[in-house]
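J.: Provided herewith: my_file-v4.cif, mmCIF, C-alpha atoms.
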data_data
loop_
_atom_site.label_atom_id
_atom_site.label_comp_id
_atom_site.auth_asym_id
_atom_site.auth_seq_id
_atom_site.Cartn_x
_atom_site.Cartn_y
_atom_site.Cartn_z
CA MET E 1 -128.83 185.11 67.46
CA ARG E 2 -126.15 182.79 68.88
CA THR E 3 -124.11 179.97 67.44
CA THR E 4 -123.50 176.64 69.17
CA SER E 5 -120.36 178.19 70.65
CA GLY E 6 -122.47 180.87 72.34
CA GLN E 7 -121.04 183.74 70.32
CA PRO E 8 -123.53 186.46 69.31
CA HIS E 9 -124.11 186.98 65.61
CA ALA E 10 -125.97 189.64 63.69
CA LEU E 11 -127.58 189.33 60.28
CA VAL E 12 -126.31 191.85 57.74
CA THR E 13 -127.55 192.53 54.21
CA ARG E 14 -125.17 192.67 51.25
CA SER E 15 -125.30 196.48 51.47
CA GLY E 16 -124.32 196.49 55.15
CA ARG E 17 -127.67 197.06 56.90
CA ILE E 18 -128.05 195.16 60.19
CA ILE E 19 -131.47 193.50 60.19
CA ALA E 20 -131.36 191.06 63.15
CA GLY E 21 -129.32 189.90 66.10
CA ASP E 22 -128.36 193.29 67.57
CA PRO E 23 -131.40 194.65 69.44
CA ALA E 24 -129.23 196.96 71.55
CA ARG E 25 -127.77 198.53 68.40
CA ARG E 26 -124.20 197.99 69.61
CA TYR E 27 -123.05 198.00 66.00
CA GLY E 28 -125.32 200.79 64.75
CA SER E 29 -127.81 200.35 61.93
CA ARG E 30 -125.33 199.90 59.09
CA ILE E 31 -121.69 198.88 58.64
CA ARG E 32 -119.27 199.26 55.77
CA VAL E 33 -118.94 195.88 54.04
CA PRO E 34 -115.73 194.99 52.14
CA ALA E 35 -116.37 193.41 48.77
CA SER E 36 -114.96 190.05 49.89
CA GLY E 37 -116.20 190.06 53.48
CA GLY E 38 -113.62 189.33 56.17
CA ARG E 39 -112.82 191.69 59.03
CA VAL E 40 -114.68 194.95 59.62
CA SER E 41 -114.35 197.77 62.14
CA LEU E 42 -117.30 198.24 64.50
CA PRO E 43 -118.28 201.09 66.83
CA GLY E 44 -116.50 201.30 70.14
CA GLY E 45 -113.21 199.96 68.80
CA LEU E 46 -114.63 196.48 68.24
CA THR E 47 -113.68 194.22 65.35
CA GLY E 48 -116.03 191.83 63.60
CA VAL E 49 -115.84 189.10 61.00
CA LEU E 50 -118.33 188.79 58.15
CA GLU E 51 -119.14 185.27 56.99
CA PRO E 52 -121.31 184.56 53.90
CA PHE E 53 -124.86 183.60 54.86
CA GLY E 54 -127.59 183.26 52.24
CA ASP E 55 -127.85 186.53 50.35
CA GLY E 56 -126.05 188.45 53.07
CA TRP E 57 -123.60 188.04 55.93
CA LEU E 58 -123.32 186.84 59.51
CA LEU E 59 -121.45 189.37 61.64
CA ARG E 60 -119.45 187.91 64.52
CA PRO E 61 -117.47 190.10 66.96
CA VAL E 62 -113.91 189.01 67.70
CA LYS E 63 -111.23 190.15 70.08
CA HIS E 64 -109.07 192.63 68.26
CA ASP E 65 -106.03 191.88 70.41
CA ALA E 66 -106.21 188.09 70.16
CA PRO E 67 -106.13 186.97 66.50
CA SER E 68 -106.68 183.32 65.75
CA ALA E 69 -104.56 181.18 63.44
CA LEU E 70 -104.12 182.55 59.94
CA THR E 71 -104.25 180.11 57.01
CA LEU E 72 -102.86 181.09 53.60
CA VAL E 73 -103.84 179.35 50.36
CA LEU E 74 -101.36 180.53 47.71
CA LEU E 75 -100.38 177.46 45.66
CA GLY E 76 -101.58 176.78 42.14
CA THR E 77 -104.26 179.48 42.07
CA ASP E 78 -104.82 182.88 40.50
CA HIS E 79 -107.20 183.72 43.35
CA PRO E 80 -105.25 183.46 46.61
CA TYR E 81 -107.11 183.78 49.88
CA ALA E 82 -106.69 183.63 53.64
CA ARG E 83 -108.82 182.15 56.42
CA LEU E 84 -108.98 184.04 59.72
CA ASP E 85 -111.46 183.63 62.57
CA GLY E 86 -113.53 181.32 60.41
CA ALA E 87 -113.89 183.81 57.56
CA ILE E 88 -112.44 183.60 54.07
CA VAL E 89 -110.66 186.77 52.95
CA GLN E 90 -109.90 187.11 49.25
CA LEU E 91 -106.43 188.55 48.70
CA SER E 92 -105.07 190.78 45.98
CA LEU E 93 -101.87 189.52 44.39
CA ARG E 94 -99.80 192.17 46.17
CA HIS E 95 -101.30 191.35 49.57
CA ALA E 96 -100.72 187.64 48.96
CA GLU E 97 -97.08 188.38 48.10
CA ILE E 98 -96.63 190.39 51.30
CA LEU E 99 -98.18 187.65 53.43
CA ALA E 100 -96.00 185.00 51.77
CA LEU E 101 -92.86 186.98 52.59
CA LEU E 102 -93.97 187.58 56.18
CA ALA E 103 -94.73 183.86 56.56
CA LEU E 104 -91.22 183.09 55.31
CA ASN E 105 -89.70 185.66 57.69
CA PRO E 106 -91.43 185.16 61.06
CA ARG E 107 -89.09 187.57 62.85
CA GLY E 108 -90.48 190.38 60.72
CA MET E 109 -89.44 192.68 57.88
CA THR E 110 -89.13 196.43 57.47
CA ALA E 111 -90.92 198.39 54.77
CA GLU E 112 -87.57 198.80 53.03
CA GLN E 113 -86.94 195.05 53.02
CA LEU E 114 -90.42 194.25 51.75
CA SER E 115 -90.10 196.90 49.06
CA PHE E 116 -86.81 195.47 47.80
CA HIS E 117 -88.05 191.88 47.76
CA LEU E 118 -91.24 192.82 45.93
CA TYR E 119 -90.08 195.54 43.55
CA GLY E 120 -86.28 195.32 43.46
CA ASP E 121 -84.24 198.52 43.33
CA ASP E 122 -87.23 200.44 41.97
CA GLY E 123 -89.29 199.82 45.10
CA ASN E 124 -90.66 202.54 47.34
CA PRO E 125 -91.24 201.85 51.07
CA VAL E 126 -94.10 204.36 51.05
CA THR E 127 -95.99 202.06 48.67
CA ILE E 128 -95.46 199.12 51.03
CA ARG E 129 -96.72 201.08 54.04
CA ALA E 130 -99.90 201.93 52.14
CA GLU E 131 -100.40 198.28 51.16
CA ILE E 132 -99.84 197.13 54.75
CA HIS E 133 -102.44 199.67 55.92
CA ARG E 134 -104.99 198.18 53.51
CA LEU E 135 -103.98 194.64 54.47
CA ARG E 136 -104.46 195.36 58.17
CA ALA E 137 -107.94 196.66 57.40
CA GLN E 138 -108.71 193.12 56.18
CA LEU E 139 -106.77 191.07 58.73
CA GLY E 140 -106.65 193.35 61.76
CA ALA E 141 -104.19 192.50 64.53
CA ALA E 142 -102.98 189.42 62.68
CA VAL E 143 -100.50 191.77 60.98
CA ALA E 144 -98.27 193.62 63.43
CA ALA E 145 -95.87 196.51 62.86
CA LYS E 146 -92.34 197.57 63.90
CA PRO E 147 -91.27 195.36 62.20
CA TYR E 148 -94.07 194.10 59.98
CA ARG E 149 -94.82 190.51 60.96
CA LEU E 150 -97.61 187.98 61.42
CA ALA E 151 -98.72 188.16 65.03
CA CYS E 152 -100.62 184.86 65.19
CA PRO E 153 -99.99 181.19 64.38
CA VAL E 154 -99.66 180.79 60.62
CA GLU E 155 -100.44 177.84 58.39
CA ALA E 156 -99.68 178.08 54.67
CA ASP E 157 -99.95 175.51 51.92
CA PHE E 158 -96.48 176.32 50.58
CA LEU E 159 -94.93 176.04 54.05
CA GLU E 160 -96.56 172.62 54.42
CA VAL E 161 -95.03 171.55 51.10
CA LYS E 162 -91.60 172.70 52.30
CA ARG E 163 -92.07 170.59 55.44
CA LEU E 164 -93.15 167.54 53.45
CA LEU E 165 -89.99 167.68 51.33
CA ALA E 166 -88.21 166.25 54.37
CA VAL E 167 -90.68 163.37 54.82
CA ARG E 168 -89.55 159.99 53.49
CA ASP E 169 -92.83 159.06 51.81
CA PRO E 170 -93.40 161.34 48.76
CA ALA E 171 -97.14 160.57 48.56
CA PRO E 172 -98.21 163.35 51.00
CA LEU E 173 -95.99 165.78 49.10
CA ALA E 174 -97.65 164.94 45.78
CA ARG E 175 -101.12 165.40 47.29
CA ALA E 176 -100.19 168.70 48.97
CA TYR E 177 -98.75 170.37 45.86
CA PRO E 178 -101.47 171.63 43.46
CA GLY E 179 -99.14 173.91 41.52
CA PRO E 180 -96.68 176.80 41.75
CA LEU E 181 -96.60 179.52 44.39
CA LEU E 182 -98.56 182.60 43.24
CA PRO E 183 -98.13 181.78 39.54
CA ARG E 184 -98.94 185.34 38.38
CA SER E 185 -96.39 187.00 40.65
CA GLU E 186 -93.37 188.71 39.12
CA ALA E 187 -91.94 189.85 42.45
CA PRO E 188 -88.24 188.85 42.54
CA ALA E 189 -88.39 187.09 45.93
CA ILE E 190 -91.60 185.24 45.11
CA ARG E 191 -90.25 184.10 41.74
CA ARG E 192 -87.14 182.68 43.43
CA GLU E 193 -89.18 180.88 46.07
CA ARG E 194 -91.60 179.55 43.43
CA GLU E 195 -88.87 178.20 41.15
CA GLU E 196 -86.95 176.63 44.03
CA LEU E 197 -90.05 174.96 45.44
CA GLU E 198 -91.15 173.69 42.02
CA GLY E 199 -87.70 172.26 41.33
CA GLN E 200 -87.52 170.50 44.69
CA VAL E 201 -90.99 168.97 44.38
CA ARG E 202 -90.35 167.79 40.82
CA ALA E 203 -86.98 166.25 41.69
CA ARG E 204 -88.36 164.45 44.75
CA ILE E 205 -91.31 162.94 42.89
CA LEU E 206 -89.21 161.92 39.89
CA LEU E 207 -86.64 160.31 42.17
CA SER E 208 -88.87 158.32 44.49
CA GLY E 209 -92.52 158.88 43.61
CA SER E 210 -94.90 156.03 42.80
CA PRO E 211 -96.84 156.00 39.51
CA GLU E 212 -99.77 157.51 41.43
CA ASP E 213 -97.54 160.31 42.80
CA LEU E 214 -96.20 161.02 39.32
CA TRP E 215 -99.72 161.12 37.90
CA ILE E 216 -100.85 163.59 40.58
CA TYR E 217 -97.88 165.83 39.77
CA ALA E 218 -98.70 165.52 36.06
CA GLN E 219 -101.95 167.38 36.73
CA THR E 220 -100.15 170.55 37.82
CA ASP E 221 -99.39 173.36 35.38
CA GLN E 222 -95.71 172.40 35.17
CA GLY E 223 -96.14 168.64 35.29
CA ARG E 224 -98.82 168.52 32.63
CA HIS E 225 -96.27 168.98 29.83
CA ASP E 226 -93.14 167.67 31.54
CA PRO E 227 -91.73 164.96 29.22
CA GLN E 228 -89.75 163.18 31.94
CA VAL E 229 -92.76 162.93 34.21
CA LEU E 230 -95.05 161.80 31.38
CA GLU E 231 -92.56 159.18 30.19
CA ARG E 232 -92.32 157.74 33.71
CA VAL E 233 -96.11 157.59 33.98
CA ALA E 234 -96.42 155.90 30.58
CA THR E 235 -93.67 153.41 31.41
CA LEU E 236 -94.61 152.49 34.98
CA LEU E 237 -98.36 152.06 34.52
CA PRO E 238 -99.97 149.20 32.54
CA PRO E 239 -100.34 150.12 28.84
CA GLY E 240 -104.13 150.03 29.05
CA ASP E 241 -104.36 152.26 32.12
CA HIS E 242 -106.15 155.49 31.20
CA ARG E 243 -103.38 157.51 32.88
CA ALA E 244 -100.69 155.84 30.77
CA ILE E 245 -102.76 156.47 27.64
CA THR E 246 -103.21 160.13 28.56
CA ALA E 247 -99.48 160.50 29.24
CA ARG E 248 -98.62 159.09 25.81
CA LEU E 249 -101.14 161.39 24.15
CA ARG E 250 -99.60 164.40 25.85
CA LEU E 251 -96.12 163.30 24.79
CA THR E 252 -97.13 163.08 21.14
CA ALA E 253 -99.36 166.16 21.07
CA PRO E 254 -98.03 169.03 18.89
CA GLU E 255 -96.54 171.99 20.74
#
Can you turn what I pasted into structure tokens?

T.:
Amino acid sequence: MRTTSGQPHALVTRSGRIIAGDPARRYGSRIRVPASGGRVSLPGGLTGVLEPFGDGWLLRPVKHDAPSALTLVLLGTDHPYARLDGAIVQLSLRHAEILALLALNPRGMTAEQLSFHLYGDDGNPVTIRAEIHRLRAQLGAAVAAKPYRLACPVEADFLEVKRLLAVRDPAPLARAYPGPLLPRSEAPAIRREREELEGQVRARILLSGSPEDLWIYAQTDQGRHDPQVLERVATLLPPGDHRAITARLRLTAPE
């Protein structure tokens, strides 16, 4: 089986049995399938990517030493994920925190640095090394060591928001910000980054955002009950506009 790009694919059941697309049995008869799909190790030192397909998976081999761009989706969600080589990889909160810090520090971080930023003085570098080992099982060569760093081009929703803070028109910023960075995270460094980013976005939209920008921000977790934002929406939009009515209702709703 081949895609339009000419890459060979194999069909894999949910349990990991290869049922088509590999007549030479290069991958064996069965592979170990991670719960969320993503990267898998294949015989002969190969690496593959599992993509959802019907009730099973499509298995596509990739070059282990040439990772593609990594995309991180970490804003406004309790279920962060990454995209790599066309596959979606669901991330645990701890793995998402590690990837956020590595994206913010492209020159790399040691286990000791990661441990401090994630756990504070109570952190243990051994714990970080174990987490990195599990993370590399999902993302392969996209995560390099000595120091730990992202070894491929990285796109992240929160990095895009940081870039848009410098753009004159606030409309793209409002559309790009669905909510706070990893809202469930209590890691000290992530909390600081989250609060700083939230404050900058809010200030920019309050200062120069249009009624539409303010309304978009009012749909985020923080903006939904922000009295200043709601007052601006109610004031700037026509009284009969459904958004103005909703803003006034939120302002008068009991705590």

J.: Which residues would end up in the selection if the PyMOL selection byres ((chain E and resi 195) around 12) were applied here, given that I need the answer as number ranges by chain?

T.: E: 179-183, 185-186, 188-194, 196-202, 222

J.: Hey, which bits of range 22-102 of chain E sit within 10 Å of range 111-134 of chain E, and for each residue what's the closest pair of atoms and how far apart in Å (one decimal), counting all atoms listed in the file, rows by chain and increasing number, as JSON lines?

T.:
{"residue": "E:Arg94", "atom": "CA", "partner": "E:Glu131", "partner_atom": "CA", "distance": 7.9}
{"residue": "E:His95", "atom": "CA", "partner": "E:Glu131", "partner_atom": "CA", "distance": 7.2}
{"residue": "E:Glu97", "atom": "CA", "partner": "E:Leu118", "partner_atom": "CA", "distance": 7.7}
{"residue": "E:Ile98", "atom": "CA", "partner": "E:Leu114", "partner_atom": "CA", "distance": 7.3}
{"residue": "E:Leu99", "atom": "CA", "partner": "E:Ile132", "partner_atom": "CA", "distance": 9.7}
{"residue": "E:Leu101", "atom": "CA", "partner": "E:Leu114", "partner_atom": "CA", "distance": 7.7}
{"residue": "E:Leu102", "atom": "CA", "partner": "E:Leu114", "partner_atom": "CA", "distance": 8.8}

J.: In the coordinate frame of the file, compute which residues have an atom within 12 Å of (-91.2, 166.0, 51.1) when using all atoms listed in the file, and state them as a VMD selection string.

T.: chain E and resid 158 to 177 197 to 198 200 to 205 207 to 209 213

J.: Could those selected residues go to a file with C-alpha atoms, as a CSV table (one decimal), in the frame of the given file?

T.:
chain,number,residue,atom,x,y,z
E,158,PHE,CA,-96.5,176.3,50.6
E,159,LEU,CA,-94.9,176.0,54.0
E,160,GLU,CA,-96.6,172.6,54.4
E,161,VAL,CA,-95.0,171.6,51.1
E,162,LYS,CA,-91.6,172.7,52.3
E,163,ARG,CA,-92.1,170.6,55.4
E,164,LEU,CA,-93.2,167.5,53.4
E,165,LEU,CA,-90.0,167.7,51.3
E,166,ALA,CA,-88.2,166.2,54.4
E,167,VAL,CA,-90.7,163.4,54.8
E,168,ARG,CA,-89.6,160.0,53.5
E,169,ASP,CA,-92.8,159.1,51.8
E,170,PRO,CA,-93.4,161.3,48.8
E,171,ALA,CA,-97.1,160.6,48.6
E,172,PRO,CA,-98.2,163.4,51.0
E,173,LEU,CA,-96.0,165.8,49.1
E,174,ALA,CA,-97.6,164.9,45.8
E,175,ARG,CA,-101.1,165.4,47.3
E,176,ALA,CA,-100.2,168.7,49.0
E,177,TYR,CA,-98.8,170.4,45.9
E,197,LEU,CA,-90.0,175.0,45.4
E,198,GLU,CA,-91.2,173.7,42.0
E,200,GLN,CA,-87.5,170.5,44.7
E,201,VAL,CA,-91.0,169.0,44.4
E,202,ARG,CA,-90.4,167.8,40.8
E,203,ALA,CA,-87.0,166.2,41.7
E,204,ARG,CA,-88.4,164.4,44.8
E,205,ILE,CA,-91.3,162.9,42.9
E,207,LEU,CA,-86.6,160.3,42.2
E,208,SER,CA,-88.9,158.3,44.5
E,209,GLY,CA,-92.5,158.9,43.6
E,213,ASP,CA,-97.5,160.3,42.8

J.: To verify the selection step, state as a list in words which residues the PyMOL selection byres ((chain E and resi 214) around 8) yields on this input.

T.: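 On this input, the PyMOL selection byres ((chain E and resi 214) around 8) captures Ala174, Ile205, Leu206, Gly209, Ser210, Pro211, Glu212, Asp213, Trp215, Ile216, Tyr217, Ala218, Val229, Arg232 and Val233 of chain E.
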
J.: Could you check the closest approach to Leu84 in chain E for each of E:Ala20, E:Pro153, E:Leu230, E:Pro239 and tell me which residue wins, using only C-alpha atoms?

T.: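 Looking only at the distances to Leu84 in chain E, the closest residue turns out to be E:Pro153.
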
J.: In Å to one decimal, how far is CA of Pro178 in chain E from CA of Val49 in chain E?

T.: 28.6 Å

J.: Give me the residues near Asp157 in chain E as an mmCIF file with C-alpha atoms, in the frame of the given file, where near means some atom within 7 Å (using only C-alpha atoms) and where sequence neighbours in that chain fewer than 4 positions away do not count.

T.:
data_model
loop_
_atom_site.group_PDB
_atom_site.id
_atom_site.type_symbol
_atom_site.label_atom_id
_atom_site.label_comp_id
_atom_site.auth_asym_id
_atom_site.auth_seq_id
_atom_site.Cartn_x
_atom_site.Cartn_y
_atom_site.Cartn_z
ATOM 1 C CA LEU E 72 -102.860 181.090 53.600
ATOM 2 C CA VAL E 73 -103.840 179.350 50.360
ATOM 3 C CA LEU E 74 -101.360 180.530 47.710
ATOM 4 C CA LEU E 75 -100.380 177.460 45.660
ATOM 5 C CA VAL E 161 -95.030 171.550 51.100
#

J.: Out of E:Leu139, E:Ala100, E:Leu249, E:Leu236, which residue has the shortest atom-to-atom distance to Ser68 in chain E when counting only C-alpha atoms?

T.: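 Result for the nearest residue to Ser68 in chain E: E:Leu139.
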
J.: Which residue is closest to Ala247 in chain E? Choose from E:Leu58, E:Ala234, E:Leu11, E:Leu150 and count only C-alpha atoms.

T.: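 Smallest distance to Ala247 in chain E is found for E:Ala234.
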